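Undergrad: Provided herewith is a single structure, encoded as structure tokens, for subsequent inquiry.
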Amino acid sequence: MTFTSLEFLFFFCLVFLVYWNLPDQWKKYFLILSSALFYAFSSWKFLFHLILVVTINWVFLRFFLAKRWFLPVSIGFNVLNLAFFKYFYFFADLVGIFFGIPDFQNKVSLDGILSKSLDWAGFEVVLPLTISYYTFQFISLLVDKKKGTITEEIGFFKLASYIFLFPVMIAGPILRFNDVATQFDSPKMEKEDMVDGLWLVVIGLFKKSVVSVLMSGSIFQVFAETSAFSGAALLSTVYFFAIYLYLDFSGLTDIARGMGKLLGFTLPQNFRAPFFFNGFGDFWRRWHLTFSFWIRDYLYIPLGGSRSGTIRTCFNYLVAFGLGGLWHGANLNYLLWGVLTGLYLSIERVLNDWKVKILPEIPYVKRTITYLFVLNIYSISWILFFTPDFGSAVAAVLRIFVWANGVAFPNMEPCIFALLVAILFHSAEEWPDKFKVGFKWKAALLPIVWILVLLALPSGNADFFYGQF
């Protein structure tokens, strides 16, 4: 059940109506129950798995917080839970390569071996819904509680409320406990909150289910056979793929934040005009904010951050973003993408710390050249996201650099439209005061915009690209 499906619309309307007619003390329990039901639509078996994981983490917090081994053991449990489901075949493949066991390198063969060994017909390791996101939330909670950042006692249902919040279950934003803890006790929604929530949802639907769907028909043709398309078509694809990712992902988190508003929660912003950056670091201060800040606070800073000199800082970037790349998936392409991101940030850090000047300080010239360089480097590195293996990614990059002949980019018009839409939303995110609209106008325009967006929605449910992570 996706956010853009008719089934979810009925589900949310029912939850909304019941939720706001319950006493405050019952709201969080109903929300836990509703979120569990939402999760069960994906897999009721994994619902019991998630309940077990919540219970084990609550036991750690309730009985073992004062122990010296609390953090390594509790974090280790959550990492192992994620690693088993997300990286089982990845590690099996590495074992197969190292020991020369071909059957370990083939998923079907390995599943057959394990089915026979365990006497378990149809054995397969399946990725549970939202495991990557709730693992991050557990780890941040455990660390913050141990550090004393979280001072209140965390009961089982408070912990369950934090994890079982269905608006953020599919794709975040990645919550911190202190972001929402007090909001569970007495959620409130004023008229302004309802209007703002409905605007966020309709904007998210427009981004994700209208505009990104329009351009997907063009860019996914290129993804399917990169070797057939020209270098110009591939370069156009990497630019438009960056726009597609922004619209797809920010659209879904807008829907999540809007639903949060409608249930009385203020959820953290996840994008802030990411392509209005002025460098590699600035891009990551704008893109997938809750993920970037999580990497900073729970990987980069514990590794030493920038406290031990430039070289150690660069090492910390490489490790933190290498692990961040693997978080996206059990694939060497994602690992390489993460390491490359750490490398870009490291080079920028070295140039700044050592005061190396490459470009002259001419107004607008340095900023323009820097922007174009960063845009091209980041966009081209995203080839690793849509090619099946490293060899295919290298071949696609080479076709761009040699400006190879081939099939032209298909159907440019919807992608140009998407670019203009992205610029509009970037401007609103970058300069919110200039795009501020009074409540009366927002309320009056809301039904018109909803009708237009609903009429523009394509038939069927659009897939969410980041859902695979």
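Ordering of the structure tokens sets the chain letters (A, B, ...); residue numbers start at 1 within each chain; ligands are numbered from 1 in the order shown.
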Fewer than 6 positions away in the same chain doesn't count, so skip those; otherwise give me all residues within 12 Å of Val374 in chain A, counting only C-alpha atoms, as a VMD selection string.
TA: chain A and resid 275 to 284 341 344 to 345 347 to 348 367 to 368 380 to 381
Undergrad: Need to verify the contact set: Val73 in chain A, 12 Å, only C-alpha atoms, exclusion of same-chain residues closer than 5 positions in sequence. Can you return it as an mmCIF file with C-alpha atoms, in the first residue's frame?
TA:
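Saved result, part-v6.cif, follows:
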data_model
loop_
_atom_site.group_PDB
_atom_site.id
_atom_site.type_symbol
_atom_site.label_atom_id
_atom_site.label_comp_id
_atom_site.auth_asym_id
_atom_site.auth_seq_id
_atom_site.Cartn_x
_atom_site.Cartn_y
_atom_site.Cartn_z
ATOM 1 C CA ILE A 56 14.475 -6.003 22.363
ATOM 2 C CA ASN A 57 15.491 -2.342 22.090
ATOM 3 C CA PHE A 60 18.134 -2.720 26.385
ATOM 4 C CA LEU A 61 16.931 0.760 27.377
ATOM 5 C CA PHE A 64 20.873 -2.253 30.660
ATOM 6 C CA LEU A 65 21.297 1.482 30.008
ATOM 7 C CA LYS A 67 26.035 -1.045 31.627
ATOM 8 C CA ARG A 68 29.367 -0.261 29.996
ATOM 9 C CA ASN A 78 20.437 -3.327 15.285
ATOM 10 C CA VAL A 79 23.284 -3.340 12.772
ATOM 11 C CA LEU A 80 23.246 -7.149 12.599
ATOM 12 C CA ILE A 139 20.642 3.883 16.810
ATOM 13 C CA LEU A 142 20.228 4.571 21.903
ATOM 14 C CA VAL A 143 23.149 6.976 21.515
#
Undergrad: May I ask which of the residues A:Ser161, A:Ser140, A:Ser379, A:Gln269 is the closest one to Arg296 in chain A, counting only C-alpha atoms?
TA: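 Nearest to Arg296 in chain A: A:Ser140.
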Undergrad: Among range 64-303 of chain A, which ones does DSSP place in alpha helix (DSSP H), written as a PyMOL selection string?
TA: chain A and resi 70-99+107-118+131-147+156-163+177-180+191-205+212-224+231-262+280-284+289-295
Undergrad: Please determine, counting only C-alpha atoms, which residue among A:Phe90, A:Arg176, A:Glu124, A:Asp196 has the shortest atom-to-atom distance to Leu445 in chain A.
TA: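 Between A:Phe90, A:Arg176, A:Glu124, A:Asp196, the residue approaching Leu445 in chain A most closely is A:Asp196.
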Undergrad: Report, in Å with one decimal, the straight-line distance from CA of Asp353 in chain A to CA of Ala320 in chain A.
TA: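 Rounded to one decimal, the two atoms are 19.7 Å apart.
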Undergrad: Using only C-alpha atoms, what does the table of range 127-213 of chain A residues within 9 Å of range 435-442 of chain A look like, with each row giving the shortest atom pair and its distance in Å to one decimal, sorted by chain and ascending number, as JSON lines?
TA:
{"residue": "A:Glu192", "atom": "CA", "partner": "A:Phe439", "partner_atom": "CA", "distance": 7.1}
{"residue": "A:Val195", "atom": "CA", "partner": "A:Lys442", "partner_atom": "CA", "distance": 7.3}
{"residue": "A:Asp196", "atom": "CA", "partner": "A:Lys442", "partner_atom": "CA", "distance": 8.3}
{"residue": "A:Trp199", "atom": "CA", "partner": "A:Lys442", "partner_atom": "CA", "distance": 8.2}
Undergrad: Give me the residues within 12 Å of Trp337 in chain A as a PyMOL selection string, counting only C-alpha atoms and dropping any in the same chain fewer than 5 places off.
TA: chain A and resi 318+321-329+331-332+342-344+377-387+389-390+393
Undergrad: Hey, can you spit out that residue selection with N, CA and C atoms as a PDB file, in the first residue's frame?
TA:
ATOM      1  N   LEU A 318      35.636   9.747   4.113  1.00  0.00           N
ATOM      2  CA  LEU A 318      35.625   8.549   3.267  1.00  0.00           C
ATOM      3  C   LEU A 318      34.899   7.399   3.954  1.00  0.00           C
ATOM      4  N   PHE A 321      30.920   8.389   4.527  1.00  0.00           N
ATOM      5  CA  PHE A 321      30.102   8.356   3.324  1.00  0.00           C
ATOM      6  C   PHE A 321      30.213   7.028   2.581  1.00  0.00           C
ATOM      7  N   GLY A 322      31.305   6.290   2.778  1.00  0.00           N
ATOM      8  CA  GLY A 322      31.355   4.936   2.249  1.00  0.00           C
ATOM      9  C   GLY A 322      30.285   4.066   2.881  1.00  0.00           C
ATOM     10  N   LEU A 323      30.148   4.169   4.210  1.00  0.00           N
ATOM     11  CA  LEU A 323      29.080   3.435   4.906  1.00  0.00           C
ATOM     12  C   LEU A 323      27.706   3.968   4.513  1.00  0.00           C
ATOM     13  N   GLY A 324      27.623   5.293   4.310  1.00  0.00           N
ATOM     14  CA  GLY A 324      26.358   5.878   3.840  1.00  0.00           C
ATOM     15  C   GLY A 324      25.980   5.362   2.462  1.00  0.00           C
ATOM     16  N   GLY A 325      26.977   5.140   1.605  1.00  0.00           N
ATOM     17  CA  GLY A 325      26.705   4.563   0.301  1.00  0.00           C
ATOM     18  C   GLY A 325      26.169   3.150   0.413  1.00  0.00           C
ATOM     19  N   LEU A 326      26.789   2.349   1.295  1.00  0.00           N
ATOM     20  CA  LEU A 326      26.307   0.975   1.494  1.00  0.00           C
ATOM     21  C   LEU A 326      24.910   0.947   2.086  1.00  0.00           C
ATOM     22  N   TRP A 327      24.542   1.972   2.861  1.00  0.00           N
ATOM     23  CA  TRP A 327      23.181   2.041   3.403  1.00  0.00           C
ATOM     24  C   TRP A 327      22.164   2.032   2.272  1.00  0.00           C
ATOM     25  N   HIS A 328      22.520   2.627   1.119  1.00  0.00           N
ATOM     26  CA  HIS A 328      21.584   2.666   0.003  1.00  0.00           C
ATOM     27  C   HIS A 328      21.337   1.285  -0.590  1.00  0.00           C
ATOM     28  N   GLY A 329      22.262   0.374  -0.427  1.00  0.00           N
ATOM     29  CA  GLY A 329      22.028  -0.962  -0.970  1.00  0.00           C
ATOM     30  C   GLY A 329      23.264  -1.834  -0.932  1.00  0.00           C
ATOM     31  N   ASN A 331      25.452  -3.308  -2.773  1.00  0.00           N
ATOM     32  CA  ASN A 331      25.941  -3.286  -4.137  1.00  0.00           C
ATOM     33  C   ASN A 331      27.238  -2.480  -4.156  1.00  0.00           C
ATOM     34  N   LEU A 332      28.238  -2.974  -4.884  1.00  0.00           N
ATOM     35  CA  LEU A 332      29.516  -2.267  -4.938  1.00  0.00           C
ATOM     36  C   LEU A 332      29.369  -0.888  -5.575  1.00  0.00           C
ATOM     37  N   GLY A 342      32.661  10.962  -0.392  1.00  0.00           N
ATOM     38  CA  GLY A 342      33.639  11.289   0.644  1.00  0.00           C
ATOM     39  C   GLY A 342      34.895  11.899   0.059  1.00  0.00           C
ATOM     40  N   LEU A 343      35.315  11.411  -1.126  1.00  0.00           N
ATOM     41  CA  LEU A 343      36.509  11.951  -1.789  1.00  0.00           C
ATOM     42  C   LEU A 343      36.287  13.384  -2.230  1.00  0.00           C
ATOM     43  N   TYR A 344      35.117  13.676  -2.811  1.00  0.00           N
ATOM     44  CA  TYR A 344      34.826  15.053  -3.235  1.00  0.00           C
ATOM     45  C   TYR A 344      34.869  16.007  -2.036  1.00  0.00           C
ATOM     46  N   ILE A 377      30.043  16.717 -11.669  1.00  0.00           N
ATOM     47  CA  ILE A 377      30.645  15.609 -10.925  1.00  0.00           C
ATOM     48  C   ILE A 377      29.577  14.809 -10.190  1.00  0.00           C
ATOM     49  N   TYR A 378      28.685  15.503  -9.479  1.00  0.00           N
ATOM     50  CA  TYR A 378      27.636  14.800  -8.724  1.00  0.00           C
ATOM     51  C   TYR A 378      26.661  14.094  -9.656  1.00  0.00           C
ATOM     52  N   SER A 379      26.256  14.776 -10.724  1.00  0.00           N
ATOM     53  CA  SER A 379      25.280  14.181 -11.627  1.00  0.00           C
ATOM     54  C   SER A 379      25.841  12.934 -12.294  1.00  0.00           C
ATOM     55  N   ILE A 380      27.080  13.006 -12.773  1.00  0.00           N
ATOM     56  CA  ILE A 380      27.685  11.848 -13.434  1.00  0.00           C
ATOM     57  C   ILE A 380      27.888  10.693 -12.454  1.00  0.00           C
ATOM     58  N   SER A 381      28.213  11.020 -11.195  1.00  0.00           N
ATOM     59  CA  SER A 381      28.411   9.934 -10.219  1.00  0.00           C
ATOM     60  C   SER A 381      27.117   9.174  -9.954  1.00  0.00           C
ATOM     61  N   TRP A 382      25.954   9.795 -10.219  1.00  0.00           N
ATOM     62  CA  TRP A 382      24.681   9.108 -10.024  1.00  0.00           C
ATOM     63  C   TRP A 382      24.410   8.037 -11.086  1.00  0.00           C
ATOM     64  N   ILE A 383      25.273   7.965 -12.091  1.00  0.00           N
ATOM     65  CA  ILE A 383      25.200   6.843 -13.028  1.00  0.00           C
ATOM     66  C   ILE A 383      25.300   5.526 -12.263  1.00  0.00           C
ATOM     67  N   LEU A 384      26.037   5.537 -11.166  1.00  0.00           N
ATOM     68  CA  LEU A 384      26.184   4.332 -10.343  1.00  0.00           C
ATOM     69  C   LEU A 384      24.856   3.869  -9.759  1.00  0.00           C
ATOM     70  N   PHE A 385      23.860   4.756  -9.696  1.00  0.00           N
ATOM     71  CA  PHE A 385      22.553   4.392  -9.158  1.00  0.00           C
ATOM     72  C   PHE A 385      21.698   3.635 -10.158  1.00  0.00           C
ATOM     73  N   PHE A 386      21.882   3.898 -11.452  1.00  0.00           N
ATOM     74  CA  PHE A 386      20.967   3.286 -12.415  1.00  0.00           C
ATOM     75  C   PHE A 386      21.635   2.317 -13.391  1.00  0.00           C
ATOM     76  N   THR A 387      22.893   1.975 -13.136  1.00  0.00           N
ATOM     77  CA  THR A 387      23.536   0.923 -13.916  1.00  0.00           C
ATOM     78  C   THR A 387      23.677  -0.325 -13.042  1.00  0.00           C
ATOM     79  N   ASP A 389      25.991  -2.672 -12.728  1.00  0.00           N
ATOM     80  CA  ASP A 389      27.289  -3.035 -12.154  1.00  0.00           C
ATOM     81  C   ASP A 389      28.312  -1.967 -12.505  1.00  0.00           C
ATOM     82  N   PHE A 390      29.504  -2.112 -11.927  1.00  0.00           N
ATOM     83  CA  PHE A 390      30.549  -1.109 -12.094  1.00  0.00           C
ATOM     84  C   PHE A 390      30.990  -1.003 -13.554  1.00  0.00           C
ATOM     85  N   ALA A 393      28.644   1.102 -15.488  1.00  0.00           N
ATOM     86  CA  ALA A 393      28.770   2.510 -15.110  1.00  0.00           C
ATOM     87  C   ALA A 393      29.974   3.147 -15.805  1.00  0.00           C
TER      88      ALA A 393
END
Undergrad: Residues within 7 Å of range 210-223 of chain A, please, as a list in words. Count only C-alpha atoms; anything in the same chain fewer than 4 positions from it doesn't count.
TA: Leu205, Phe206, Phe229, Thr237, Phe241, Tyr244, Leu247, Asp248, Phe386, Thr387, Pro410, Asn411, Pro414, Cys415, Ala418, Ala456, Leu457, Pro458 and Ala462 of chain A
Undergrad: Under the rule that only C-alpha atoms are counted, which of A:Phe30, A:Pro72, A:Val397, A:Tyr89 is the nearest residue to Leu14 in chain A?
TA: A:Phe30
Undergrad: Given the choices A:Thr182, A:Tyr317, A:Phe271, A:Leu71, which gets closest to Leu299 in chain A if the distance is worked out from only C-alpha atoms?
TA: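 Closest to Leu299 in chain A of all the choices is A:Tyr317.
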Undergrad: Find the residues near Gln25 in chain A: any atom within 10 Å, counting only C-alpha atoms, skip ones fewer than 6 places away on the same chain, and give them as a list in words.
TA: Phe184, Asp185, Ser186 and Pro187 of chain A
Undergrad: I'd like the interatomic distance between CA of Pro167 in chain A and CA of Lys261 in chain A, to a tenth of an Å.
TA: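 The value is 10.0 Å.
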Undergrad: So how far away is CA of Lys207 in chain A from CA of Leu175 in chain A, in Å?
TA: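 These two atoms are separated by 22.5 Å.
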Undergrad: Which of these, A:Phe3, A:Asp93, A:Pro432, A:Glu225, has the shortest distance to Thr253 in chain A once you count only C-alpha atoms?
TA: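 The shortest atom-to-atom distance to Thr253 in chain A comes from A:Phe3.
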Undergrad: Using only C-alpha atoms, can you tell me which of A:Lys434, A:Val53, A:Phe240, A:Thr149 comes closest to Leu419 in chain A?
TA: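 Closest to Leu419 in chain A, using only C-alpha atoms: A:Phe240.
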Undergrad: Leaving out Ser42 in chain A and any residue of its chain fewer than 3 positions from it, which residues lie within 12 Å of it when counting only C-alpha atoms, given as a list in words?
TA: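 Contacts, with the query itself left out: Met1, Thr2, Ser35, Ala36, Leu37, Phe38, Tyr39, Lys45, Phe46, Leu47, Val126, Leu127, Pro128, Leu129, Thr130, Met169 and Ile170 of chain A.
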